[in-house]
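S.K.: This is model.cif, which holds mmCIF, C-alpha atoms (C1' of nucleotides):
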data_entry
#
loop_
_atom_site.label_atom_id
_atom_site.label_comp_id
_atom_site.auth_asym_id
_atom_site.auth_seq_id
_atom_site.Cartn_x
_atom_site.Cartn_y
_atom_site.Cartn_z
CA MET A 1 31.04 -25.07 -16.16
CA GLU A 2 33.54 -23.08 -14.11
CA GLN A 3 31.38 -20.12 -14.97
CA GLU A 4 28.45 -21.57 -13.11
CA LYS A 5 30.35 -21.69 -9.86
CA ILE A 6 31.69 -18.14 -9.77
CA SER A 7 28.74 -16.38 -11.35
CA PRO A 8 26.48 -14.49 -8.93
CA PRO A 9 23.53 -16.53 -7.75
CA GLN A 10 20.83 -16.29 -10.39
CA ASN A 11 17.19 -16.58 -9.53
CA THR A 12 17.32 -20.30 -8.93
CA HIS A 13 13.75 -20.27 -7.76
CA LEU A 14 12.68 -19.18 -11.20
CA GLN A 15 14.93 -21.73 -12.84
CA ASP A 16 13.38 -24.45 -10.70
CA GLU A 17 9.94 -23.23 -11.62
CA ILE A 18 10.81 -23.52 -15.31
CA LEU A 19 12.17 -27.03 -14.76
CA ARG A 20 9.08 -28.09 -12.83
CA SER A 21 6.76 -26.70 -15.47
CA ALA A 22 8.69 -28.31 -18.30
CA LEU A 23 8.78 -31.68 -16.53
CA SER A 24 5.04 -31.62 -16.01
CA LEU A 25 4.37 -30.75 -19.64
CA PHE A 26 6.90 -33.23 -21.04
CA VAL A 27 5.32 -36.19 -19.25
CA GLN A 28 1.81 -34.95 -20.03
CA LYS A 29 2.13 -33.96 -23.69
CA SER A 30 5.59 -35.27 -24.60
CA TYR A 31 8.68 -33.27 -25.49
CA LEU A 32 7.56 -32.93 -29.10
CA ASN A 33 4.21 -31.40 -28.29
CA THR A 34 5.53 -28.99 -25.69
CA SER A 35 6.68 -25.62 -27.02
CA LEU A 36 8.76 -23.06 -25.19
CA SER A 37 5.64 -20.90 -25.10
CA ASP A 38 3.84 -23.67 -23.23
CA ILE A 39 6.64 -23.84 -20.71
CA ALA A 40 6.80 -20.06 -20.33
CA MET A 41 3.07 -19.93 -19.78
CA ALA A 42 3.10 -22.76 -17.21
CA ALA A 43 5.96 -21.06 -15.37
CA LYS A 44 4.03 -17.79 -15.43
CA LEU A 45 6.62 -15.95 -17.48
CA ASP A 46 5.69 -13.04 -19.72
CA ASN A 47 7.79 -14.25 -22.63
CA THR A 48 9.72 -17.25 -23.85
CA GLN A 49 12.94 -15.27 -23.90
CA GLU A 50 13.46 -15.58 -20.17
CA ILE A 51 13.96 -19.30 -20.55
CA TYR A 52 17.14 -18.53 -22.47
CA THR A 53 18.53 -16.84 -19.36
CA TYR A 54 18.86 -20.25 -17.78
CA PHE A 55 19.02 -22.69 -20.67
CA ASP A 56 20.64 -22.68 -24.09
CA SER A 57 17.74 -24.39 -25.79
CA LYS A 58 14.71 -26.57 -25.24
CA GLN A 59 16.91 -29.60 -25.66
CA HIS A 60 19.37 -28.31 -23.09
CA LEU A 61 16.51 -27.79 -20.66
CA ALA A 62 15.40 -31.39 -21.11
CA CYS A 63 18.96 -32.63 -20.60
CA VAL A 64 19.30 -30.69 -17.34
CA LEU A 65 16.00 -32.17 -16.22
CA TYR A 66 17.22 -35.67 -16.96
CA SER A 67 20.60 -35.14 -15.29
CA ASN A 68 19.02 -33.70 -12.17
CA ILE A 69 16.75 -36.70 -11.78
CA VAL A 70 19.45 -39.27 -12.40
CA ASP A 71 21.95 -37.45 -10.18
CA SER A 72 19.53 -37.14 -7.32
CA LEU A 73 18.73 -40.84 -7.59
CA SER A 74 22.44 -41.57 -7.55
CA VAL A 75 22.94 -39.53 -4.38
CA SER A 76 20.08 -41.36 -2.70
CA ILE A 77 21.65 -44.69 -3.58
CA ASP A 78 24.94 -43.57 -2.05
CA ASP A 79 23.06 -42.84 1.11
CA ILE A 80 21.32 -46.20 1.07
CA ARG A 81 24.57 -48.08 0.56
CA ARG A 82 26.18 -46.18 3.42
CA ARG A 83 23.39 -46.95 5.82
CA ASN A 84 22.87 -50.64 5.06
CA LYS A 85 25.44 -53.40 5.07
CA LYS A 86 23.53 -56.28 3.60
CA SER A 87 22.57 -56.39 -0.04
CA THR A 88 19.02 -57.37 0.89
CA ASP A 89 18.61 -54.33 3.08
CA GLN A 90 20.05 -52.02 0.46
CA LEU A 91 17.65 -53.32 -2.17
CA HIS A 92 14.71 -53.13 0.20
CA SER A 93 15.56 -49.49 0.97
CA LEU A 94 15.93 -48.74 -2.72
CA VAL A 95 12.53 -50.21 -3.53
CA ASP A 96 11.15 -48.23 -0.62
CA LEU A 97 12.63 -45.05 -2.09
CA LEU A 98 11.25 -45.71 -5.56
CA PHE A 99 7.75 -46.33 -4.22
CA LYS A 100 8.00 -43.16 -2.13
CA LEU A 101 8.80 -41.29 -5.32
CA VAL A 102 5.56 -42.59 -6.82
CA GLU A 103 3.79 -40.28 -4.37
CA GLN A 104 6.36 -37.53 -3.97
CA ALA A 105 7.80 -37.13 -7.46
CA PRO A 106 5.58 -39.02 -9.90
CA ASP A 107 6.51 -36.81 -12.87
CA ALA A 108 10.21 -37.37 -12.34
CA LEU A 109 9.63 -41.14 -12.32
CA ARG A 110 7.38 -40.98 -15.36
CA PHE A 111 9.99 -38.97 -17.21
CA LEU A 112 12.77 -41.38 -16.27
CA LEU A 113 10.78 -44.48 -17.21
CA THR A 114 9.35 -43.29 -20.52
CA VAL A 115 12.06 -41.00 -21.88
CA ASN A 116 13.18 -41.74 -25.43
CA HIS A 117 16.90 -41.17 -25.61
CA ALA A 118 17.10 -40.92 -29.36
CA GLU A 119 14.68 -38.02 -29.26
CA PHE A 120 16.51 -35.33 -27.29
CA LEU A 121 19.11 -36.94 -25.05
CA ARG A 122 21.53 -38.08 -27.72
CA ASP A 123 24.52 -36.65 -25.86
CA GLU A 124 23.42 -37.94 -22.47
CA LYS A 125 24.35 -41.34 -21.14
CA PRO A 126 21.50 -43.84 -21.40
CA PHE A 127 20.11 -44.59 -17.96
CA LEU A 128 21.78 -48.00 -17.88
CA LYS A 129 25.22 -46.39 -18.20
CA THR A 130 24.72 -43.83 -15.45
CA PRO A 131 26.38 -44.00 -12.02
CA ALA A 132 22.95 -44.66 -10.53
CA VAL A 133 22.52 -47.98 -12.31
CA ASN A 134 26.18 -48.77 -11.89
CA LYS A 135 25.69 -48.60 -8.15
CA MET A 136 22.62 -50.82 -8.36
CA LEU A 137 24.76 -53.40 -10.12
CA LYS A 138 27.35 -53.10 -7.35
CA ILE A 139 24.65 -53.92 -4.83
CA PHE A 140 23.89 -57.09 -6.79
CA GLN A 141 27.59 -57.93 -6.97
CA LEU A 142 27.87 -57.52 -3.20
CA GLY A 143 24.93 -59.87 -2.74
CA ILE A 144 26.45 -62.45 -5.05
CA ASN A 145 29.77 -62.30 -3.19
CA ASN A 146 28.01 -62.63 0.17
CA GLY A 147 25.92 -65.56 -0.99
CA GLU A 148 22.67 -63.65 -0.58
CA ILE A 149 21.97 -63.50 -4.31
CA ARG A 150 22.15 -66.20 -6.98
CA SER A 151 25.32 -66.22 -8.98
CA LEU A 152 24.17 -64.92 -12.35
CA GLU A 153 25.27 -62.19 -14.73
CA PRO A 154 24.53 -58.97 -12.74
CA MET A 155 22.72 -57.44 -15.70
CA LEU A 156 20.34 -60.40 -15.84
CA ILE A 157 19.75 -60.05 -12.10
CA TYR A 158 19.01 -56.41 -12.80
CA SER A 159 16.47 -57.16 -15.51
CA CYS A 160 14.63 -59.67 -13.32
CA PHE A 161 14.60 -57.56 -10.19
CA PHE A 162 13.99 -54.11 -11.63
CA GLY A 163 11.86 -55.44 -14.48
CA ILE A 164 9.26 -56.28 -11.85
CA ILE A 165 9.77 -53.10 -9.84
CA TYR A 166 9.73 -50.66 -12.76
CA THR A 167 6.79 -52.29 -14.49
CA THR A 168 4.73 -52.35 -11.32
CA ILE A 169 5.53 -48.69 -10.71
CA GLU A 170 4.61 -47.80 -14.29
CA LEU A 171 1.25 -49.50 -13.88
CA ILE A 172 0.63 -47.60 -10.67
CA LEU A 173 1.66 -44.31 -12.28
CA ASN A 174 -0.71 -44.72 -15.20
CA GLY A 175 -3.58 -45.85 -13.00
CA THR A 176 -3.78 -49.44 -14.20
CA LEU A 177 -2.97 -50.69 -10.71
CA ASP A 178 -5.32 -48.49 -8.76
CA LYS A 179 -5.27 -49.73 -5.20
CA LYS A 180 -3.04 -48.41 -2.42
CA SER A 181 0.53 -48.43 -3.62
CA GLU A 182 1.87 -49.98 -0.37
CA LEU A 183 -0.06 -53.10 -1.24
CA TYR A 184 1.71 -53.44 -4.57
CA GLN A 185 5.04 -52.48 -3.06
CA SER A 186 5.14 -55.40 -0.68
CA GLN A 187 4.04 -57.88 -3.35
CA ALA A 188 6.45 -56.52 -5.94
CA TRP A 189 9.29 -56.61 -3.43
CA ILE A 190 8.63 -60.23 -2.49
CA ALA A 191 8.35 -61.29 -6.13
CA ALA A 192 11.44 -59.36 -7.18
CA TRP A 193 13.55 -60.55 -4.28
CA ASN A 194 12.51 -64.20 -4.66
CA THR A 195 13.56 -64.01 -8.28
CA ILE A 196 17.17 -63.30 -7.37
CA ALA A 197 17.57 -64.64 -3.81
CA LYS A 198 19.82 -67.65 -3.32
CA LYS A 199 17.80 -70.74 -2.39
CA MET B 1 -12.99 -48.03 -43.69
CA GLU B 2 -15.49 -49.50 -46.13
CA GLN B 3 -13.60 -47.51 -48.70
CA GLU B 4 -10.45 -49.51 -48.12
CA LYS B 5 -12.14 -52.76 -48.95
CA ILE B 6 -13.73 -51.83 -52.24
CA SER B 7 -11.01 -49.56 -53.56
CA PRO B 8 -8.78 -51.10 -56.24
CA PRO B 9 -5.64 -52.73 -54.88
CA GLN B 10 -3.03 -50.05 -54.50
CA ASN B 11 0.65 -50.75 -54.67
CA THR B 12 0.78 -52.44 -51.30
CA HIS B 13 4.39 -53.35 -51.87
CA LEU B 14 5.25 -49.67 -51.93
CA GLN B 15 3.09 -49.01 -48.89
CA ASP B 16 4.90 -51.75 -47.01
CA GLU B 17 8.22 -50.30 -48.06
CA ILE B 18 7.20 -46.93 -46.65
CA LEU B 19 6.08 -48.57 -43.41
CA ARG B 20 9.31 -50.53 -43.10
CA SER B 21 11.43 -47.47 -43.76
CA ALA B 22 9.48 -45.35 -41.32
CA LEU B 23 9.66 -48.02 -38.61
CA SER B 24 13.40 -48.29 -38.97
CA LEU B 25 13.88 -44.52 -38.78
CA PHE B 26 11.44 -44.05 -35.91
CA VAL B 27 13.26 -46.50 -33.66
CA GLN B 28 16.65 -45.19 -34.75
CA LYS B 29 16.11 -41.43 -34.64
CA SER B 30 12.71 -41.13 -32.98
CA TYR B 31 9.46 -39.89 -34.48
CA LEU B 32 10.40 -36.27 -33.83
CA ASN B 33 13.72 -36.42 -35.65
CA THR B 34 12.38 -38.31 -38.65
CA SER B 35 11.03 -36.12 -41.42
CA LEU B 36 8.86 -37.24 -44.29
CA SER B 37 11.85 -36.52 -46.53
CA ASP B 38 13.87 -39.03 -44.53
CA ILE B 39 11.17 -41.64 -44.98
CA ALA B 40 10.79 -40.89 -48.69
CA MET B 41 14.54 -41.18 -49.16
CA ALA B 42 14.79 -44.45 -47.22
CA ALA B 43 11.89 -45.87 -49.25
CA LYS B 44 13.59 -44.70 -52.45
CA LEU B 45 10.82 -42.35 -53.47
CA ASP B 46 11.44 -39.29 -55.60
CA ASN B 47 9.31 -36.99 -53.45
CA THR B 48 7.55 -36.85 -50.13
CA GLN B 49 4.21 -36.46 -51.81
CA GLU B 50 3.87 -40.12 -52.64
CA ILE B 51 3.60 -40.89 -48.94
CA TYR B 52 0.30 -39.02 -48.91
CA THR B 53 -1.07 -41.52 -51.42
CA TYR B 54 -1.13 -44.12 -48.67
CA PHE B 55 -1.29 -42.10 -45.45
CA ASP B 56 -3.11 -38.97 -44.35
CA SER B 57 -0.19 -37.63 -42.35
CA LYS B 58 3.01 -38.56 -40.62
CA GLN B 59 1.00 -39.22 -37.49
CA HIS B 60 -1.41 -41.48 -39.37
CA LEU B 61 1.53 -43.43 -40.73
CA ALA B 62 2.83 -43.98 -37.20
CA CYS B 63 -0.62 -45.06 -36.01
CA VAL B 64 -0.92 -47.62 -38.80
CA LEU B 65 2.50 -48.93 -37.88
CA TYR B 66 1.45 -49.31 -34.27
CA SER B 67 -1.87 -50.95 -35.10
CA ASN B 68 -0.26 -53.41 -37.46
CA ILE B 69 2.22 -54.52 -34.83
CA VAL B 70 -0.35 -54.83 -32.06
CA ASP B 71 -2.85 -56.59 -34.34
CA SER B 72 -0.34 -59.08 -35.58
CA LEU B 73 0.67 -59.84 -32.01
CA SER B 74 -2.97 -60.32 -31.14
CA VAL B 75 -3.46 -62.80 -33.99
CA SER B 76 -0.40 -64.76 -32.87
CA ILE B 77 -1.79 -64.97 -29.35
CA ASP B 78 -5.08 -66.32 -30.71
CA ASP B 79 -3.10 -69.01 -32.42
CA ILE B 80 -1.14 -69.82 -29.28
CA ARG B 81 -4.28 -70.08 -27.17
CA ARG B 82 -5.88 -72.37 -29.74
CA ARG B 83 -2.93 -74.71 -29.84
CA ASN B 84 -2.21 -74.98 -26.13
CA LYS B 85 -4.58 -75.99 -23.36
CA LYS B 86 -2.55 -75.28 -20.27
CA SER B 87 -1.78 -71.78 -19.15
CA THR B 88 1.89 -72.72 -18.66
CA ASP B 89 2.19 -73.91 -22.23
CA GLN B 90 0.47 -70.84 -23.60
CA LEU B 91 2.83 -68.54 -21.71
CA HIS B 92 5.84 -70.57 -22.74
CA SER B 93 4.81 -70.31 -26.37
CA LEU B 94 4.21 -66.60 -26.01
CA VAL B 95 7.67 -66.04 -24.53
CA ASP B 96 9.04 -68.15 -27.35
CA LEU B 97 7.29 -65.93 -29.88
CA LEU B 98 8.55 -62.71 -28.30
CA PHE B 99 12.14 -63.94 -28.27
CA LYS B 100 11.78 -65.04 -31.89
CA LEU B 101 10.72 -61.50 -32.71
CA VAL B 102 13.96 -60.25 -31.18
CA GLU B 103 15.69 -61.80 -34.20
CA GLN B 104 12.96 -61.55 -36.80
CA ALA B 105 11.35 -58.19 -36.12
CA PRO B 106 13.58 -56.28 -33.71
CA ASP B 107 12.41 -52.87 -34.88
CA ALA B 108 8.76 -53.76 -34.33
CA LEU B 109 9.56 -54.83 -30.77
CA ARG B 110 11.67 -51.73 -30.13
CA PHE B 111 8.82 -49.56 -31.40
CA LEU B 112 6.27 -51.33 -29.23
CA LEU B 113 8.41 -51.20 -26.10
CA THR B 114 9.62 -47.61 -26.34
CA VAL B 115 6.73 -45.81 -27.98
CA ASN B 116 5.49 -42.70 -26.17
CA HIS B 117 1.74 -42.61 -26.50
CA ALA B 118 1.38 -38.94 -25.63
CA GLU B 119 3.62 -38.07 -28.54
CA PHE B 120 1.70 -39.28 -31.59
CA LEU B 121 -0.69 -42.05 -30.58
CA ARG B 122 -3.13 -39.97 -28.59
CA ASP B 123 -6.12 -41.52 -30.35
CA GLU B 124 -4.82 -45.07 -30.19
CA LYS B 125 -5.50 -47.39 -27.29
CA PRO B 126 -2.52 -47.69 -24.97
CA PHE B 127 -0.92 -51.11 -25.32
CA LEU B 128 -2.37 -52.27 -22.01
CA LYS B 129 -5.91 -51.71 -23.29
CA THR B 130 -5.45 -53.57 -26.57
CA PRO B 131 -6.95 -57.01 -27.33
CA ALA B 132 -3.41 -58.41 -27.29
CA VAL B 133 -2.86 -57.63 -23.62
CA ASN B 134 -6.45 -58.49 -22.83
CA LYS B 135 -5.78 -62.00 -24.10
CA MET B 136 -2.60 -62.25 -22.06
CA LEU B 137 -4.64 -61.43 -18.97
CA LYS B 138 -7.11 -64.16 -19.94
CA ILE B 139 -4.25 -66.63 -20.02
CA PHE B 140 -3.38 -65.63 -16.45
CA GLN B 141 -7.02 -65.94 -15.43
CA LEU B 142 -7.15 -69.42 -16.90
CA GLY B 143 -4.03 -70.35 -14.92
CA ILE B 144 -5.49 -68.99 -11.72
CA ASN B 145 -8.73 -70.94 -12.24
CA ASN B 146 -6.79 -74.13 -12.99
CA GLY B 147 -4.57 -73.73 -9.96
CA GLU B 148 -1.44 -73.35 -12.05
CA ILE B 149 -0.93 -69.71 -11.14
CA ARG B 150 -1.05 -67.95 -7.78
CA SER B 151 -4.31 -66.26 -7.01
CA LEU B 152 -3.40 -62.58 -7.34
CA GLU B 153 -4.79 -59.60 -9.22
CA PRO B 154 -4.17 -60.54 -12.91
CA MET B 155 -2.61 -57.13 -13.59
CA LEU B 156 -0.05 -57.71 -10.83
CA ILE B 157 0.69 -61.14 -12.30
CA TYR B 158 1.16 -59.37 -15.61
CA SER B 159 3.62 -56.84 -14.22
CA CYS B 160 5.72 -59.53 -12.54
CA PHE B 161 5.76 -61.92 -15.47
CA PHE B 162 6.08 -59.51 -18.37
CA GLY B 163 8.15 -57.03 -16.38
CA ILE B 164 10.92 -59.61 -16.46
CA ILE B 165 10.31 -60.66 -20.06
CA TYR B 166 10.05 -57.16 -21.56
CA THR B 167 13.00 -55.78 -19.62
CA THR B 168 15.20 -58.69 -20.59
CA ILE B 169 14.19 -58.27 -24.22
CA GLU B 170 14.90 -54.55 -24.08
CA LEU B 171 18.38 -55.19 -22.73
CA ILE B 172 19.02 -57.69 -25.51
CA LEU B 173 17.72 -55.26 -28.13
CA ASN B 174 19.97 -52.44 -26.99
CA GLY B 175 22.98 -54.68 -26.70
CA THR B 176 23.37 -54.56 -22.93
CA LEU B 177 22.80 -58.31 -22.72
CA ASP B 178 25.12 -59.37 -25.51
CA LYS B 179 25.30 -63.15 -25.35
CA LYS B 180 23.11 -65.55 -27.33
CA SER B 181 19.49 -64.64 -26.78
CA GLU B 182 18.43 -68.29 -26.18
CA LEU B 183 20.51 -68.24 -23.03
CA TYR B 184 18.61 -65.27 -21.66
CA GLN B 185 15.29 -66.65 -22.86
CA SER B 186 15.49 -69.79 -20.75
CA GLN B 187 16.62 -67.87 -17.66
CA ALA B 188 14.01 -65.15 -18.09
CA TRP B 189 11.31 -67.76 -18.60
CA ILE B 190 12.24 -69.66 -15.45
CA ALA B 191 12.42 -66.47 -13.39
CA ALA B 192 9.16 -65.11 -14.77
CA TRP B 193 7.28 -68.36 -14.38
CA ASN B 194 8.52 -68.99 -10.84
CA THR B 195 7.28 -65.54 -9.92
CA ILE B 196 3.70 -66.44 -10.70
CA ALA B 197 3.55 -70.23 -10.42
CA LYS B 198 1.51 -71.73 -7.61
CA LYS B 199 3.75 -73.39 -4.99
"C1'" DG C 1 19.10 -5.98 -18.07
"C1'" DT C 2 14.52 -6.91 -19.57
"C1'" DC C 3 11.17 -7.45 -23.03
"C1'" DT C 4 9.16 -6.87 -27.90
"C1'" DA C 5 9.60 -7.50 -32.71
"C1'" DT C 6 11.14 -9.97 -36.26
"C1'" DA C 7 13.96 -12.72 -39.54
"C1'" DC C 8 15.33 -17.42 -40.75
"C1'" DG C 9 15.20 -22.36 -41.52
"C1'" DC C 10 12.88 -26.65 -41.31
"C1'" DC C 11 9.00 -29.42 -41.85
"C1'" DG C 12 4.31 -30.94 -42.53
"C1'" DA C 13 0.71 -30.26 -45.53
"C1'" DT C 14 -1.76 -28.23 -49.55
"C1'" DA C 15 -2.58 -26.63 -54.13
"C1'" DG C 16 -2.07 -26.53 -58.65
"C1'" DA C 17 0.60 -27.29 -63.10
"C1'" DC C 18 1.58 -30.75 -66.44
"C1'" DG D 1 -1.53 -39.44 -61.40
"C1'" DT D 2 2.89 -37.31 -60.75
"C1'" DC D 3 5.66 -33.73 -59.18
"C1'" DT D 4 6.88 -28.87 -58.30
"C1'" DA D 5 5.77 -24.74 -55.81
"C1'" DT D 6 4.33 -22.83 -51.88
"C1'" DC D 7 1.86 -21.85 -47.43
"C1'" DG D 8 1.64 -21.82 -42.43
"C1'" DG D 9 3.47 -23.08 -38.01
"C1'" DC D 10 7.06 -23.51 -34.85
"C1'" DG D 11 11.59 -23.27 -32.71
"C1'" DT D 12 15.66 -20.62 -32.85
"C1'" DA D 13 18.26 -16.59 -32.89
"C1'" DT D 14 19.01 -11.66 -33.40
"C1'" DA D 15 18.22 -6.79 -33.12
"C1'" DG D 16 16.77 -3.09 -30.90
"C1'" DA D 17 13.55 -0.33 -27.72
"C1'" DC D 18 12.99 1.02 -22.99
#
Output the file's structure in the form of structure tokens.
M.R.:
Amino acid sequence: MEQEKISPPQNTHLQDEILRSALSLFVQKSYLNTSLSDIAMAAKLDNTQEIYTYFDSKQHLACVLYSNIVDSLSVSIDDIRRRNKKSTDQLHSLVDLLFKLVEQAPDALRFLLTVNHAEFLRDEKPFLKTPAVNKMLKIFQLGINNGEIRSLEPMLIYSCFFGIIYTTIELILNGTLDKKSELYQSQAWIAAWNTIAKK
Amino acid sequence: MEQEKISPPQNTHLQDEILRSALSLFVQKSYLNTSLSDIAMAAKLDNTQEIYTYFDSKQHLACVLYSNIVDSLSVSIDDIRRRNKKSTDQLHSLVDLLFKLVEQAPDALRFLLTVNHAEFLRDEKPFLKTPAVNKMLKIFQLGINNGEIRSLEPMLIYSCFFGIIYTTIELILNGTLDKKSELYQSQAWIAAWNTIAKK
DNA sequence: GTCTATACGCCGATAGAC
DNA sequence: GTCTATCGGCGTATAGAC
């Protein structure tokens, strides 16, 4: 890990290209059905060996993918919490972000929502134990303390609120909800917020 | 398929044992990390070959598992719709059934909720296209027609209602919600129903 | 350093011996 | 019918050519 910081800058563009290609294939065909050859081909590499320049193994590649997505979400949540004081506003911004990702990073969302931890992320924290979710729970706690949100177990608040949001997003991503996503966003937000709002 | 009906009764007990063992391993270690040897060992068979007596392949085994679970759910929903007239009562019974399965068939629920279709169920209908879900949507349609449920796109009703129910059940199954499941059932039901109830 | 060739182990699936 | 032997494919890792 120290190594990464002092080593000369590798071709990060190529590394990103590998990550992008792998992500696309993983959500399309699953981790199991994606070989390193598939990834090499999609990233326009001549051989699979080049992947080992950046990653120890296929599993390691998938872990990096997962970490990157979760970390970037976590950073965005930091930003949201900094810019909004009220719990309601923070949640509204978060829902806004997630629905933006439906357009801008659908594969990342698909990966996050359908990943099977037991399969290749055994050493990674499950999503619910990551800083990202931890911060979401803090938003709920803030709302409970301020009297904006009903006083229930934060994890139950989470399952009600994000149960609606995630499921709606999944249905949009797989084409089951096929109208404009803004339409579903506003309805999902209202439903999710009403579920946890005080009074 | 005709074949199955006229062929002499095979050792269905053994077949069930294989299915049970496979289900347990699939949800524990994932489909990828479960070998036929693992399944044979868990089912107390002497060799992997015996599995081929009942299933064409590992993938076929997983498909049968999936179909059985979805079909049995579908039959239960038929029963629920027959025994209850009002949409509210049907949904309440359905939630009751799902929470009973948390205790009685946790692995089946885990499998259903975390299965990655692209991985080994490519030829199977996605859950949302199965008769089981189709009947759930009919329950919503009935409620809308009767004025019990808000007049929204049934699929959006579905994502709000079952988004809460499924997510809560998932959190119970993985131990994140660790109190008595009846407690969560009543709260999830109230939240889910309020989300879709008219007025 | 970059790429080709190849050996190894694991697993799913098949074939054939008894 | 039961079980052992084995094949082929794939992911991993290594060795070596340029």
S.K.: Let me make sure I understand: among B:Gln185, B:Ser159, B:Thr48, B:Gln90, which one has the smallest atom-to-atom distance to chain A if we use only C-alpha atoms?
M.R.: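 Looking only at the distances to chain A, the closest residue turns out to be B:Ser159.
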S.K.: Just to confirm, what's the straight-line distance from atom CA of A:Leu112 to atom CA of A:Leu65 in Å (one decimal)?
M.R.: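 We find that atom CA of A:Leu112 and atom CA of A:Leu65 lie 9.8 Å from each other.
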S.K.: Could you please select, counting all atoms listed in the file, the residues of chain B within 10 Å of chain D and state them as a list in words?
M.R.: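 Contact residues on the first chain: Asp46, Asn47, Thr48, Gln49 and Glu50 of chain B.
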S.K.: Counting all atoms listed in the file, what is within 9 Å of A:Phe162, bar same-chain residues fewer than 2 positions away, as a list of chain:residue names?
M.R.: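 Surrounding residues, per the criterion: A:Ile157, A:Tyr158, A:Ser159, A:Cys160, A:Ile164, A:Ile165, A:Tyr166, A:Thr167, A:Ala192, B:Gly163, B:Ile164, B:Thr167.
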S.K.: List, as JSON, numbers by chain, every residue that the PyMOL selection byres ((chain B and resi 181) around 10) selects in the file provided.
M.R.: {"B": [99, 100, 102, 103, 168, 169, 172, 173, 177, 178, 179, 180, 182, 183, 184, 185, 186]}
S.K.: Any chance you could resolve the PyMOL selection byres ((chain B) within 10 of (chain C)) against this file and give the residues as a PyMOL selection string?
M.R.: chain B and resi 35-37+49+52+56-58
S.K.: Choose the residue, out of A:Ser67, A:Ser87, A:Thr176, A:Asn11, that has the smallest atom-to-atom separation from chain B; count all atoms listed in the file.
M.R.: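 The shortest atom-to-atom distance to chain B comes from A:Thr176.
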S.K.: Residues at most 8 Å from stretch 141-153 of chain B, counting all atoms listed in the file, excluding those fewer than 5 positions away in the same chain, as a list in words?
M.R.: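 In the requested format, the answer is Lys86, Ser87, Thr88, Ile196, Ala197, Lys198 and Lys199 of chain B.
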S.K.: Work out how far apart atom CA of B:Leu25 and atom CA of A:Gln59 are and give it in Å to one decimal.
M.R.: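 Going from atom CA of B:Leu25 over to atom CA of A:Gln59 covers 20.1 Å.
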S.K.: Spell out the residues picked by the PyMOL selection byres ((chain A and resi 21-23) around 8) here, as a list in words.
M.R.: Glu17, Ile18, Leu19, Arg20, Ser24, Leu25, Phe26, Val27, Ile39, Ala42, Ala43, Ala62, Leu65, Asp107, Ala108 and Phe111 of chain A
S.K.: Mind dumping the selected residues with C-alpha atoms as a PDB file, in the frame of the given file?
M.R.:
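Done, and the output landed in out_35.pdb:
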ATOM      1  CA  GLU A  17       9.940 -23.230 -11.620  1.00  0.00           C
ATOM      2  CA  ILE A  18      10.810 -23.520 -15.310  1.00  0.00           C
ATOM      3  CA  LEU A  19      12.170 -27.030 -14.760  1.00  0.00           C
ATOM      4  CA  ARG A  20       9.080 -28.090 -12.830  1.00  0.00           C
ATOM      5  CA  SER A  24       5.040 -31.620 -16.010  1.00  0.00           C
ATOM      6  CA  LEU A  25       4.370 -30.750 -19.640  1.00  0.00           C
ATOM      7  CA  PHE A  26       6.900 -33.230 -21.040  1.00  0.00           C
ATOM      8  CA  VAL A  27       5.320 -36.190 -19.250  1.00  0.00           C
ATOM      9  CA  ILE A  39       6.640 -23.840 -20.710  1.00  0.00           C
ATOM     10  CA  ALA A  42       3.100 -22.760 -17.210  1.00  0.00           C
ATOM     11  CA  ALA A  43       5.960 -21.060 -15.370  1.00  0.00           C
ATOM     12  CA  ALA A  62      15.400 -31.390 -21.110  1.00  0.00           C
ATOM     13  CA  LEU A  65      16.000 -32.170 -16.220  1.00  0.00           C
ATOM     14  CA  ASP A 107       6.510 -36.810 -12.870  1.00  0.00           C
ATOM     15  CA  ALA A 108      10.210 -37.370 -12.340  1.00  0.00           C
ATOM     16  CA  PHE A 111       9.990 -38.970 -17.210  1.00  0.00           C
TER      17      PHE A 111
END
